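Asks: For reference, the file my_file.txt (compact mmCIF, C-alpha atoms) is included below:
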```txt
# COMPACT_ATOMS: atom_id res chain seq x y z
CA MET A 171 -24.29 -29.07 -135.04
CA GLN A 172 -26.00 -31.55 -137.38
CA HIS A 173 -27.39 -34.72 -135.78
CA LYS A 174 -28.16 -37.58 -138.17
CA VAL A 175 -29.55 -40.90 -136.87
CA PHE A 176 -29.07 -44.06 -138.96
CA ASN A 177 -29.89 -47.71 -138.22
CA ILE A 178 -27.17 -49.67 -139.94
CA LYS A 179 -28.34 -53.25 -139.60
CA GLU A 180 -30.61 -54.66 -142.30
CA GLU A 181 -32.20 -51.36 -143.21
CA GLU A 182 -32.34 -49.68 -146.53
CA LEU A 183 -29.38 -47.36 -146.93
CA LYS A 184 -30.35 -43.71 -146.69
CA LEU A 185 -28.39 -40.86 -148.06
CA ILE A 186 -26.97 -38.56 -145.38
CA ARG A 187 -25.40 -35.26 -146.37
CA PHE A 188 -22.63 -33.18 -144.83
CA TYR A 189 -20.47 -30.38 -146.18
CA GLN A 190 -16.72 -30.07 -146.35
CA ASN A 191 -16.67 -27.17 -143.89
CA ASP A 192 -18.78 -28.88 -141.24
CA LEU A 193 -15.73 -28.75 -138.98
CA ASN A 194 -16.22 -30.16 -135.47
CA SER A 195 -19.99 -29.88 -136.02
CA ALA A 196 -20.91 -32.91 -138.14
CA LYS A 197 -22.12 -35.53 -135.68
CA LEU A 198 -23.36 -39.01 -136.57
CA LEU A 199 -25.71 -40.66 -134.05
CA ILE A 200 -25.61 -44.41 -134.67
CA ASN A 201 -28.02 -47.12 -133.43
CA VAL A 202 -26.61 -50.65 -133.82
CA THR A 203 -29.16 -53.50 -133.79
CA HIS A 204 -29.07 -57.21 -134.54
CA ASP A 205 -31.95 -58.31 -136.74
CA LYS A 206 -33.74 -55.11 -135.70
CA VAL A 207 -33.39 -56.11 -132.01
CA VAL A 208 -31.61 -53.80 -129.55
CA THR A 209 -28.36 -55.48 -128.50
CA ASP A 210 -26.07 -54.96 -125.49
CA PHE A 211 -22.51 -54.07 -126.59
CA SER A 212 -21.28 -53.00 -123.15
CA SER A 213 -18.63 -55.77 -123.08
CA ALA A 214 -16.81 -54.23 -126.07
CA THR A 215 -13.34 -52.96 -125.13
CA SER A 216 -13.22 -50.51 -128.05
CA VAL A 217 -15.45 -49.27 -130.85
CA GLN A 218 -14.02 -47.63 -134.00
CA ILE A 219 -15.45 -46.45 -137.27
CA ALA A 220 -13.62 -46.54 -140.60
CA PHE A 221 -14.38 -44.20 -143.51
CA LEU A 222 -13.49 -44.84 -147.15
CA LYS A 223 -13.41 -41.46 -148.90
CA PRO A 224 -14.21 -40.82 -152.57
CA ASP A 225 -10.45 -40.59 -153.34
CA CYS A 226 -9.98 -44.10 -151.81
CA LYS A 227 -8.11 -42.76 -148.79
CA ARG A 228 -9.14 -44.04 -145.37
CA VAL A 229 -9.79 -42.45 -142.00
CA PHE A 230 -10.16 -44.28 -138.67
CA GLN A 231 -11.95 -42.58 -135.76
CA ASP A 232 -12.88 -43.64 -132.23
CA VAL A 233 -16.59 -43.80 -131.46
CA GLN A 234 -18.06 -42.31 -128.27
CA ASN A 235 -20.64 -44.11 -126.13
CA VAL A 236 -24.18 -42.86 -125.71
CA ASN A 237 -25.69 -46.08 -124.28
CA GLN A 238 -23.66 -49.24 -124.91
CA MET A 239 -26.36 -51.46 -123.46
CA GLN A 240 -28.70 -50.26 -126.23
CA GLY A 241 -26.06 -50.03 -128.97
CA LYS A 242 -26.13 -46.25 -129.19
CA TYR A 243 -22.95 -44.35 -130.21
CA TYR A 244 -21.88 -41.12 -131.81
CA VAL A 245 -18.88 -39.76 -133.69
CA VAL A 246 -17.95 -36.19 -134.61
CA LEU A 247 -16.56 -36.37 -138.15
CA SER A 248 -12.97 -35.17 -138.40
CA THR A 249 -11.60 -32.70 -140.95
CA GLN A 250 -9.97 -35.52 -142.93
CA THR A 251 -13.25 -37.46 -143.05
CA LEU A 252 -15.00 -34.51 -144.73
CA ILE A 253 -12.11 -33.11 -146.82
CA ALA A 254 -12.97 -34.98 -150.03
CA TYR A 255 -16.45 -34.40 -151.41
CA GLY A 256 -18.48 -37.26 -152.79
CA ASN A 257 -19.84 -40.51 -151.35
CA VAL A 258 -18.17 -41.82 -148.17
CA ILE A 259 -18.51 -45.46 -147.07
CA ALA A 260 -18.50 -46.15 -143.30
CA GLN A 261 -18.26 -49.29 -141.18
CA LEU A 262 -18.14 -49.87 -137.39
CA ARG A 263 -15.70 -52.27 -135.76
CA PHE A 264 -16.26 -53.71 -132.24
CA THR A 265 -13.39 -55.31 -130.33
CA PHE A 266 -14.19 -57.65 -127.44
CA PRO A 267 -12.05 -59.58 -124.93
CA ASN A 268 -10.12 -62.60 -126.25
CA ASN A 269 -9.50 -60.73 -129.55
CA LYS A 270 -13.09 -61.19 -130.69
CA VAL A 271 -14.01 -58.66 -133.42
CA ILE A 272 -17.39 -57.80 -134.97
CA GLU A 273 -17.87 -55.48 -137.93
CA THR A 274 -21.21 -54.00 -138.95
CA CYS A 275 -22.62 -53.71 -142.42
CA LYS A 276 -21.46 -50.72 -144.40
CA PHE A 277 -23.44 -47.54 -144.83
CA ALA A 278 -22.87 -44.41 -146.87
CA PHE A 279 -23.26 -40.67 -146.67
CA THR A 280 -22.46 -37.81 -149.01
CA VAL A 281 -20.05 -34.94 -148.48
CA ASP A 282 -21.00 -31.95 -150.62
CA GLU A 283 -18.43 -29.42 -151.76
CA SER A 284 -18.45 -26.24 -149.69
CA ILE A 285 -18.37 -22.98 -151.65
CA MET A 286 -15.79 -21.63 -149.22
CA SER A 287 -13.67 -24.78 -149.30
CA ASP A 288 -9.93 -24.40 -148.68
CA ASP A 289 -7.84 -26.10 -151.37
CA ALA A 290 -4.80 -25.84 -149.09
CA MET A 291 -6.09 -28.83 -147.13
CA LYS A 292 -5.26 -32.14 -148.83
CA SER A 293 -6.97 -35.46 -148.32
CA THR A 294 -4.76 -38.03 -146.60
CA ASN A 295 -5.07 -41.33 -144.81
CA GLU A 296 -5.59 -40.88 -141.09
CA PHE A 297 -4.88 -43.84 -138.79
CA PRO A 298 -4.39 -42.35 -135.29
CA VAL A 299 -3.22 -45.52 -133.51
CA ILE A 300 -0.93 -46.67 -136.32
CA GLN A 301 0.43 -43.16 -136.83
CA LYS A 302 1.34 -42.87 -133.15
CA ALA A 303 3.14 -46.21 -133.26
CA ILE A 304 5.15 -45.08 -136.31
CA GLU A 305 6.08 -41.81 -134.64
CA ALA A 306 7.13 -43.64 -131.49
CA GLY A 307 9.28 -46.03 -133.55
CA LYS A 308 11.11 -43.11 -135.20
CA LYS A 309 11.86 -41.57 -131.82
CA LEU A 310 13.30 -44.87 -130.53
CA GLU A 311 15.66 -45.45 -133.46
CA GLY A 312 19.14 -46.28 -132.11
CA ILE A 313 17.85 -46.59 -128.53
CA ASP A 314 18.61 -49.66 -126.38
CA ILE A 315 15.03 -50.81 -125.83
CA ASP A 316 16.01 -53.79 -123.64
CA GLY A 317 18.03 -51.47 -121.41
CA ILE A 318 15.09 -49.13 -121.07
CA ILE A 319 12.83 -52.05 -120.12
CA ALA A 320 15.33 -53.22 -117.50
CA ALA A 321 15.68 -49.70 -116.12
CA GLY A 322 11.91 -49.39 -116.01
CA ALA A 323 11.66 -52.56 -113.93
CA LYS A 324 14.14 -51.08 -111.45
CA ALA A 325 12.26 -47.78 -111.45
CA ASP A 326 9.01 -49.59 -110.69
CA GLY A 327 10.60 -50.90 -107.51
CA ALA A 328 12.01 -47.52 -106.46
CA LEU A 329 10.27 -44.99 -104.24
CA PRO A 330 8.94 -41.86 -105.92
CA LYS A 331 10.43 -38.49 -105.08
CA THR A 332 7.24 -37.65 -103.21
CA GLY A 333 5.22 -40.19 -101.22
CA GLY A 334 5.54 -43.94 -101.40
CA THR A 335 6.06 -46.58 -98.71
CA MET A 336 9.38 -48.25 -97.94
CA THR A 337 9.57 -51.76 -96.52
CA GLY A 338 12.49 -53.00 -94.46
CA ASN A 339 14.99 -51.04 -92.39
CA LEU A 340 16.78 -47.82 -93.35
CA VAL A 341 20.33 -48.17 -92.03
CA MET A 342 22.55 -45.08 -91.73
CA ASP A 343 25.99 -44.46 -90.29
CA LYS A 344 25.77 -43.25 -86.67
CA LEU A 345 27.46 -39.97 -87.61
CA SER A 346 24.93 -39.26 -90.37
CA ARG A 347 22.19 -36.69 -89.96
CA ILE A 348 18.81 -35.95 -91.48
CA ASN A 349 18.46 -32.43 -92.84
CA PHE A 350 14.96 -31.00 -93.42
CA LYS A 351 15.76 -28.36 -96.01
CA GLY A 352 13.97 -25.02 -95.83
CA ASP A 353 14.70 -21.47 -96.90
CA VAL A 354 18.23 -20.17 -96.43
CA GLY A 355 19.20 -20.57 -92.78
CA THR A 356 15.95 -22.26 -91.72
CA ASP A 357 16.95 -25.94 -91.87
CA ILE A 358 15.89 -28.40 -89.18
CA LEU A 359 18.54 -31.04 -88.45
CA MET A 360 18.24 -34.36 -86.64
CA PHE A 361 21.51 -36.01 -85.63
CA PRO A 362 22.97 -38.40 -83.00
CA LYS A 363 24.68 -36.92 -79.94
CA THR A 364 28.36 -37.61 -79.46
CA GLY A 365 27.85 -39.35 -76.12
CA GLY A 366 24.65 -41.09 -77.16
CA GLY A 367 21.13 -39.84 -77.67
CA LEU A 368 19.56 -37.62 -80.32
CA ASP A 369 19.18 -33.87 -80.92
CA ILE A 370 16.82 -31.89 -83.14
CA TRP A 371 18.38 -28.55 -83.99
CA ASP A 372 16.83 -25.37 -85.44
CA ARG A 373 19.43 -23.71 -87.66
CA GLY A 374 17.44 -20.47 -88.02
CA ASN A 375 17.38 -19.91 -84.25
CA SER A 376 20.68 -21.71 -83.56
CA LYS A 377 18.90 -23.72 -80.88
CA THR A 378 18.40 -27.35 -79.94
CA PHE A 379 14.68 -27.50 -79.12
CA LEU A 380 14.39 -31.26 -78.49
CA SER A 381 17.02 -33.54 -77.00
CA TRP A 382 17.11 -37.18 -75.89
CA ASN A 383 20.07 -37.99 -73.65
CA GLY A 384 19.38 -41.67 -73.23
CA SER A 385 17.30 -41.34 -70.07
CA ARG A 386 14.98 -38.36 -70.49
CA LEU A 387 13.44 -36.18 -73.18
CA ILE A 388 14.13 -32.45 -72.83
CA PHE A 389 12.20 -29.63 -74.54
CA THR A 390 14.00 -26.29 -74.66
CA ASN A 391 11.63 -23.32 -75.01
CA PRO A 392 13.69 -21.83 -73.36
CA THR A 393 13.37 -23.79 -70.11
CA ASP A 394 13.84 -27.54 -69.91
CA ILE A 395 10.56 -29.41 -69.62
CA THR A 396 11.18 -32.80 -68.10
CA GLY A 397 8.51 -35.44 -68.04
CA GLU A 398 8.83 -36.31 -64.36
CA THR A 399 8.39 -32.76 -63.01
CA ASN A 400 6.59 -30.23 -65.19
CA LEU A 401 4.15 -32.28 -67.29
CA VAL A 402 0.66 -33.33 -66.23
CA LYS A 403 -0.21 -36.89 -67.13
CA LYS A 404 -3.42 -37.58 -68.96
CA SER A 405 -4.48 -39.87 -66.12
CA ASP A 406 -4.03 -37.03 -63.59
CA ILE A 407 -6.68 -34.73 -65.07
CA TYR A 408 -10.27 -34.94 -66.29
CA PRO A 409 -10.35 -33.30 -69.76
CA ASN A 410 -13.93 -34.07 -70.76
CA PHE A 411 -15.95 -31.26 -69.15
CA VAL A 412 -16.14 -29.47 -72.52
CA GLN A 413 -15.01 -29.94 -76.10
CA PRO A 414 -11.37 -29.07 -76.94
CA SER A 415 -12.74 -25.80 -78.36
CA GLY A 416 -14.17 -24.90 -74.94
CA ARG A 417 -17.75 -25.28 -76.17
CA SER A 418 -20.41 -27.44 -74.53
CA ILE A 419 -20.64 -31.10 -75.49
CA SER A 420 -23.53 -31.46 -77.97
CA LEU A 421 -26.18 -34.10 -77.28
CA THR A 422 -28.18 -35.49 -80.19
CA THR A 423 -31.85 -34.53 -80.33
CA GLY A 424 -33.95 -36.81 -78.14
CA THR A 425 -31.09 -37.99 -75.89
CA ASP A 426 -32.36 -39.46 -72.60
CA LEU A 427 -30.94 -37.37 -69.74
CA ASN A 428 -31.34 -40.38 -67.45
CA THR A 429 -28.35 -41.88 -69.27
CA ILE A 430 -26.07 -38.84 -68.94
CA GLU A 431 -24.05 -39.43 -65.77
CA THR A 432 -20.55 -38.44 -66.90
CA SER A 433 -19.39 -35.12 -65.48
CA GLY A 434 -19.45 -32.35 -68.06
CA TYR A 435 -21.24 -29.40 -69.62
CA TYR A 436 -23.79 -30.43 -72.24
CA VAL A 437 -26.33 -28.80 -74.56
CA GLY A 438 -29.21 -30.44 -76.43
CA ASN A 439 -32.69 -29.98 -77.89
CA ALA A 440 -35.91 -31.89 -77.12
CA LEU A 441 -34.18 -34.06 -74.53
CA LEU A 442 -35.98 -37.01 -72.98
CA ASN A 443 -36.60 -36.72 -69.21
CA ALA A 444 -35.74 -33.01 -69.27
CA PRO A 445 -37.84 -30.49 -67.28
CA TYR A 446 -39.67 -29.68 -70.55
CA SER A 447 -40.12 -32.05 -73.49
CA SER A 448 -39.17 -29.38 -76.04
CA GLY A 449 -36.66 -26.57 -76.24
CA VAL A 450 -32.91 -26.32 -75.70
CA PHE A 451 -31.26 -26.92 -72.33
CA TYR A 452 -27.78 -26.38 -70.93
CA VAL A 453 -27.13 -29.37 -68.66
CA GLN A 454 -24.36 -29.49 -66.07
CA VAL A 455 -23.59 -32.96 -64.71
CA GLN A 456 -21.53 -33.57 -61.59
CA GLN A 457 -20.69 -37.04 -60.30
CA HIS A 458 -20.29 -37.71 -56.60
CA SER A 459 -17.07 -39.28 -55.32
CA VAL A 460 -19.11 -42.46 -54.81
CA ALA A 461 -20.36 -44.26 -57.90
CA GLY A 462 -24.09 -44.09 -58.57
CA TYR A 463 -24.63 -40.60 -57.12
CA VAL A 464 -25.08 -37.85 -59.71
CA MET A 465 -26.44 -34.30 -59.77
CA GLN A 466 -27.86 -32.60 -62.87
CA GLU A 467 -28.59 -28.89 -63.26
CA ALA A 468 -30.55 -27.79 -66.35
CA THR A 469 -30.96 -24.22 -67.63
CA TYR A 470 -33.82 -23.62 -70.08
CA LEU A 471 -32.74 -21.46 -73.01
CA ASN A 472 -36.05 -19.71 -73.54
CA ALA A 473 -36.08 -16.28 -75.21
CA THR A 474 -37.74 -14.65 -72.20
CA LEU A 475 -37.12 -17.04 -69.32
CA ASN A 476 -33.91 -18.26 -67.71
CA GLU A 477 -35.40 -21.08 -65.69
CA ARG A 478 -33.06 -23.41 -63.84
CA PHE A 479 -33.85 -26.86 -62.54
CA VAL A 480 -31.95 -29.37 -60.43
CA ARG A 481 -32.27 -33.07 -59.61
CA ARG A 482 -30.08 -35.91 -58.43
CA LYS A 483 -29.71 -39.66 -58.63
CA ARG A 484 -29.31 -41.64 -55.47
CA ASP A 485 -27.75 -44.98 -56.33
CA THR A 486 -30.48 -47.57 -56.90
CA ASN A 487 -33.29 -45.17 -55.95
CA GLY A 488 -33.19 -43.56 -59.39
CA TRP A 489 -33.61 -39.94 -60.31
CA THR A 490 -35.57 -37.49 -58.18
CA PRO A 491 -38.12 -35.16 -59.87
CA TRP A 492 -36.83 -31.88 -61.29
CA VAL A 493 -37.07 -28.95 -58.86
CA ARG A 494 -37.29 -25.42 -60.24
CA MET A 495 -34.78 -23.03 -58.68
CA ALA A 496 -36.29 -19.63 -57.85
CA ASN A 497 -34.90 -16.53 -59.54
CA TYR A 498 -34.02 -13.53 -57.40
CA ASP A 499 -37.22 -11.75 -58.41
CA ASP A 500 -39.24 -14.72 -57.17
CA ILE A 501 -37.71 -14.63 -53.69
CA VAL A 502 -39.37 -12.58 -50.93
CA THR A 503 -36.60 -10.56 -49.30
CA LYS A 504 -36.42 -7.97 -46.53
CA ALA A 505 -35.04 -5.40 -48.94
CA LYS A 506 -38.53 -3.92 -49.50
CA ASP A 507 -39.68 -4.09 -45.88
CA GLY A 508 -40.47 -0.75 -44.32
CA ARG A 509 -43.05 1.82 -43.22
CA VAL A 510 -44.14 4.97 -44.97
CA ALA A 511 -46.33 7.90 -43.91
CA LEU A 512 -48.82 8.56 -46.68
CA THR A 513 -49.58 12.05 -47.93
CA LEU A 514 -53.25 12.96 -48.24
CA THR A 515 -54.58 14.66 -51.36
CA ALA A 516 -56.20 18.11 -51.34
CA ASP A 517 -59.57 16.33 -51.26
CA ALA A 518 -58.92 14.66 -47.87
CA THR A 519 -58.24 15.73 -44.25
CA ALA A 520 -56.64 13.75 -41.41
CA GLY A 521 -59.07 12.69 -38.66
CA SER A 522 -56.44 13.09 -35.93
CA SER A 523 -52.78 13.91 -35.41
CA ASN A 524 -51.84 10.27 -36.06
CA PRO A 525 -50.06 9.73 -39.43
CA GLN A 526 -51.56 7.71 -42.26
CA LEU A 527 -49.28 4.62 -42.33
CA ALA A 528 -48.51 1.77 -44.76
CA THR A 529 -46.26 -0.97 -43.32
CA ARG A 530 -44.70 -3.73 -45.46
CA ARG A 531 -43.39 -7.06 -44.14
CA GLY A 532 -42.42 -9.58 -46.77
CA ASN A 533 -45.11 -9.52 -49.42
CA THR A 534 -47.93 -8.19 -47.22
CA VAL A 535 -48.85 -4.56 -46.48
CA THR A 536 -50.91 -3.29 -43.55
CA LEU A 537 -52.74 -0.01 -44.08
CA SER A 538 -53.73 2.23 -41.11
CA LEU A 539 -55.78 5.36 -41.97
CA ASP A 540 -57.74 7.97 -39.94
CA LEU A 541 -59.22 10.52 -42.36
CA MET A 542 -62.23 12.05 -43.99
CA ARG A 543 -63.00 13.05 -47.55
CA ASN A 544 -63.72 16.75 -47.72
CA ALA A 545 -67.35 17.75 -48.22
CA GLY A 546 -67.95 19.02 -51.74
CA SER A 547 -64.76 17.37 -53.14
CA THR A 548 -64.97 16.14 -56.73
CA SER A 549 -62.34 13.38 -56.56
CA ALA A 550 -62.66 10.22 -54.47
CA ILE A 551 -58.84 9.74 -54.29
CA VAL A 552 -57.66 10.48 -50.75
CA THR A 553 -54.01 9.22 -50.97
CA THR A 554 -51.63 7.14 -53.13
CA LEU A 555 -49.38 4.21 -52.10
CA PRO A 556 -45.69 3.98 -53.11
CA SER A 557 -44.95 1.58 -56.01
CA ASP A 558 -43.45 -1.20 -53.86
CA MET A 559 -46.59 -1.30 -51.67
CA THR A 560 -49.26 -1.51 -54.37
CA PRO A 561 -51.54 -4.58 -54.27
CA VAL A 562 -51.41 -7.43 -56.76
CA ASP A 563 -55.00 -6.63 -57.79
CA SER A 564 -57.53 -3.95 -56.90
CA TYR A 565 -59.41 -4.55 -53.60
CA THR A 566 -62.83 -3.21 -52.53
CA PHE A 567 -64.36 -3.37 -49.06
CA ASP A 568 -66.78 -1.37 -46.87
CA ALA A 569 -65.74 0.83 -43.96
CA ILE A 570 -67.98 2.30 -41.20
CA ALA A 571 -67.70 6.00 -40.27
CA THR A 572 -67.60 7.14 -36.65
CA ASP A 573 -71.30 8.04 -36.94
CA GLY A 574 -72.15 4.64 -38.46
CA THR A 575 -72.30 5.71 -42.12
CA PRO A 576 -70.90 2.98 -44.45
CA SER A 577 -68.67 3.80 -47.44
CA ARG A 578 -66.99 1.80 -50.16
CA VAL A 579 -63.15 1.82 -49.98
CA LEU A 580 -61.16 0.95 -53.14
CA ILE A 581 -57.41 0.16 -53.03
CA ARG A 582 -56.35 0.08 -56.70
CA PHE A 583 -53.48 -1.92 -58.21
CA ASN A 584 -51.80 1.38 -59.16
CA GLY A 585 -51.73 2.55 -55.51
CA GLU A 586 -54.74 4.92 -55.51
CA ILE A 587 -57.03 4.74 -52.45
CA HIS A 588 -60.63 5.85 -53.09
CA LEU A 589 -63.31 6.77 -50.51
CA ASP A 590 -66.88 7.20 -51.79
CA ILE A 591 -68.60 9.14 -48.93
CA ALA A 592 -67.54 12.74 -48.19
CA GLY A 593 -67.84 14.67 -44.92
CA LYS A 594 -67.53 11.59 -42.66
CA ARG A 595 -64.57 10.42 -40.54
CA TYR A 596 -63.35 6.85 -41.20
CA ARG A 597 -60.81 4.73 -39.32
CA ILE A 598 -59.54 2.11 -41.79
CA LEU A 599 -57.32 -0.91 -41.07
CA ALA A 600 -56.61 -3.28 -43.99
CA THR A 601 -54.01 -5.90 -44.97
CA TYR A 602 -53.36 -7.10 -48.55
CA VAL A 603 -50.76 -8.92 -50.66
CA CYS A 604 -48.23 -7.12 -52.85
CA ASN A 605 -45.52 -8.21 -55.26
```
Take the structure I supplied and represent it as structure tokens, if you would.

Replies:
Amino acid sequence: MQHKVFNIKEEELKLIRFYQNDLNSAKLLINVTHDKVVTDFSSATSVQIAFLKPDCKRVFQDVQNVNQMQGKYYVVLSTQTLIAYGNVIAQLRFTFPNNKVIETCKFAFTVDESIMSDDAMKSTNEFPVIQKAIEAGKKLEGIDIDGIIAAGAKADGALPKTGGTMTGNLVMDKLSRINFKGDVGTDILMFPKTGGGLDIWDRGNSKTFLSWNGSRLIFTNPTDITGETNLVKKSDIYPNFVQPSGRSISLTTGTDLNTIETSGYYVGNALLNAPYSSGVFYVQVQQHSVAGYVMQEATYLNATLNERFVRRKRDTNGWTPWVRMANYDDIVTKAKDGRVALTLTADATAGSSNPQLATRRGNTVTLSLDLMRNAGSTSAIVTTLPSDMTPVDSYTFDAIATDGTPSRVLIRFNGEIHLDIAGKRYRILATYVCN
């Protein structure tokens, strides 16, 4: 597409060239100035350009805005503007409110003959607005214009087929009905009852599904649902524990948990006055039957931990500190309590007929041994503890043999019991902490 820029106010005319076959591609970019000063034409209601062709025929075209505040416009030259080759004179016309009109100085450009020009196209005058008015006048010949205007006024006051708002009352005969038309046999009808009241009837199912008898509203689906017996009133239930979707109520980031006292299930990130200042928490809030007493339970949504905390508010005493609730694995139970007779390795021998015992109570283990490490043995391991009686860490202490010889005893975290000195009898009694 050719782009040609031309300042048309008080500048020397320059020759601009186009060709006859520049169809929909010949574009004039026009800068309008006043005494070489950029001028704001944004108040113009229309801008047109007129062309006087070499054969003295005229073409009017609308001009498109580029930047009205700077007087910049463009026009794509029509086929009729370029059909006659030779010099073409152009002039812009600005129309403003109150019928004010400004015309620019004229400028010229040249249309050269195209080698592949089509002689079938003839140069004519082209006045789009005037031509449309003439065509409209021909179509309205013999038509009652005043009648059309009057009918149009009535139509303006009528409701459209779709949408619209009616004012005033719609009055119908009491035997009339409203029919909501659907596919064949699927109409929904609304009509007055013979003895008073109103029915809504489903033609497709041949069933009245809503009926008003003057005193109560009845739903049929298929059992009557009457308001005084089978419906729960909104005031009789508390619907705000969760969202209607069943999901937790979302708190905005940074919400102060001290302000959340309404019963419900909540979730939020980086909550103020939470057990931790960062991270996501599920928060369950339960109000007491007496105002001012509230309990909060918070579950930390950490990837590896499922920590739970609880606190409460006691009227004017404010909130208590958060207390961490112990997980099952953190609780010392009697499930692991018991006593086991240890089996000695091939490198050890019992010192008497008494068994080698490990006794667990809670998270402590008492070890009772009477043994000796065999002379010439290569391993110091004399026995191994079961997994639920192993110590938290490895422990080392000294034991005294029956003849007074000391030896280092090592109870390892993996359950191995080591005795350094061989060939001596040791009676060992030890207590340690386990998980």

Asks: From the options A:Asn497, A:Ser418, A:Ser284, A:Thr215, which residue's atoms come nearest to A:Gln238, counting all atoms listed in the file?

Replies: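 The answer is A:Thr215, which sits nearest to A:Gln238.
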
Asks: One decimal, Å: what's the distance from atom CA of A:Leu580 over to atom CA of A:Thr566, could you say?

Replies: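 A separation of 4.5 Å between them.
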
Asks: Using only C-alpha atoms for the distances, tell me which of A:Ala518, A:Ala214, A:Ala468, A:Val460 is nearest to A:Val437.

Replies: A:Ala468

Asks: Can you tell me, as a list in words, which residues sit within 12 Å of (-56.0, 19.5, -53.9) in the file's frame, using all atoms listed in the file?

Replies: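 Using all atoms listed in the file, the matching residues come out as Thr513, Leu514, Thr515, Ala516, Asp517, Ala518, Thr519, Arg543, Asn544, Ser547, Thr548, Ser549, Ala550, Ile551, Val552 and Thr553 of chain A.
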
Asks: Report, in Å with one decimal, the straight-line distance from atom CA of A:Arg386 to atom CA of A:Val341.

Replies: 24.3 Å

Asks: May I ask for the distance between atom CA of A:Arg187 and atom CA of A:Ile253, given in Å to one decimal place?

Replies: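 If I compute the distance from atom CA of A:Arg187 to atom CA of A:Ile253, I get 13.5 Å.
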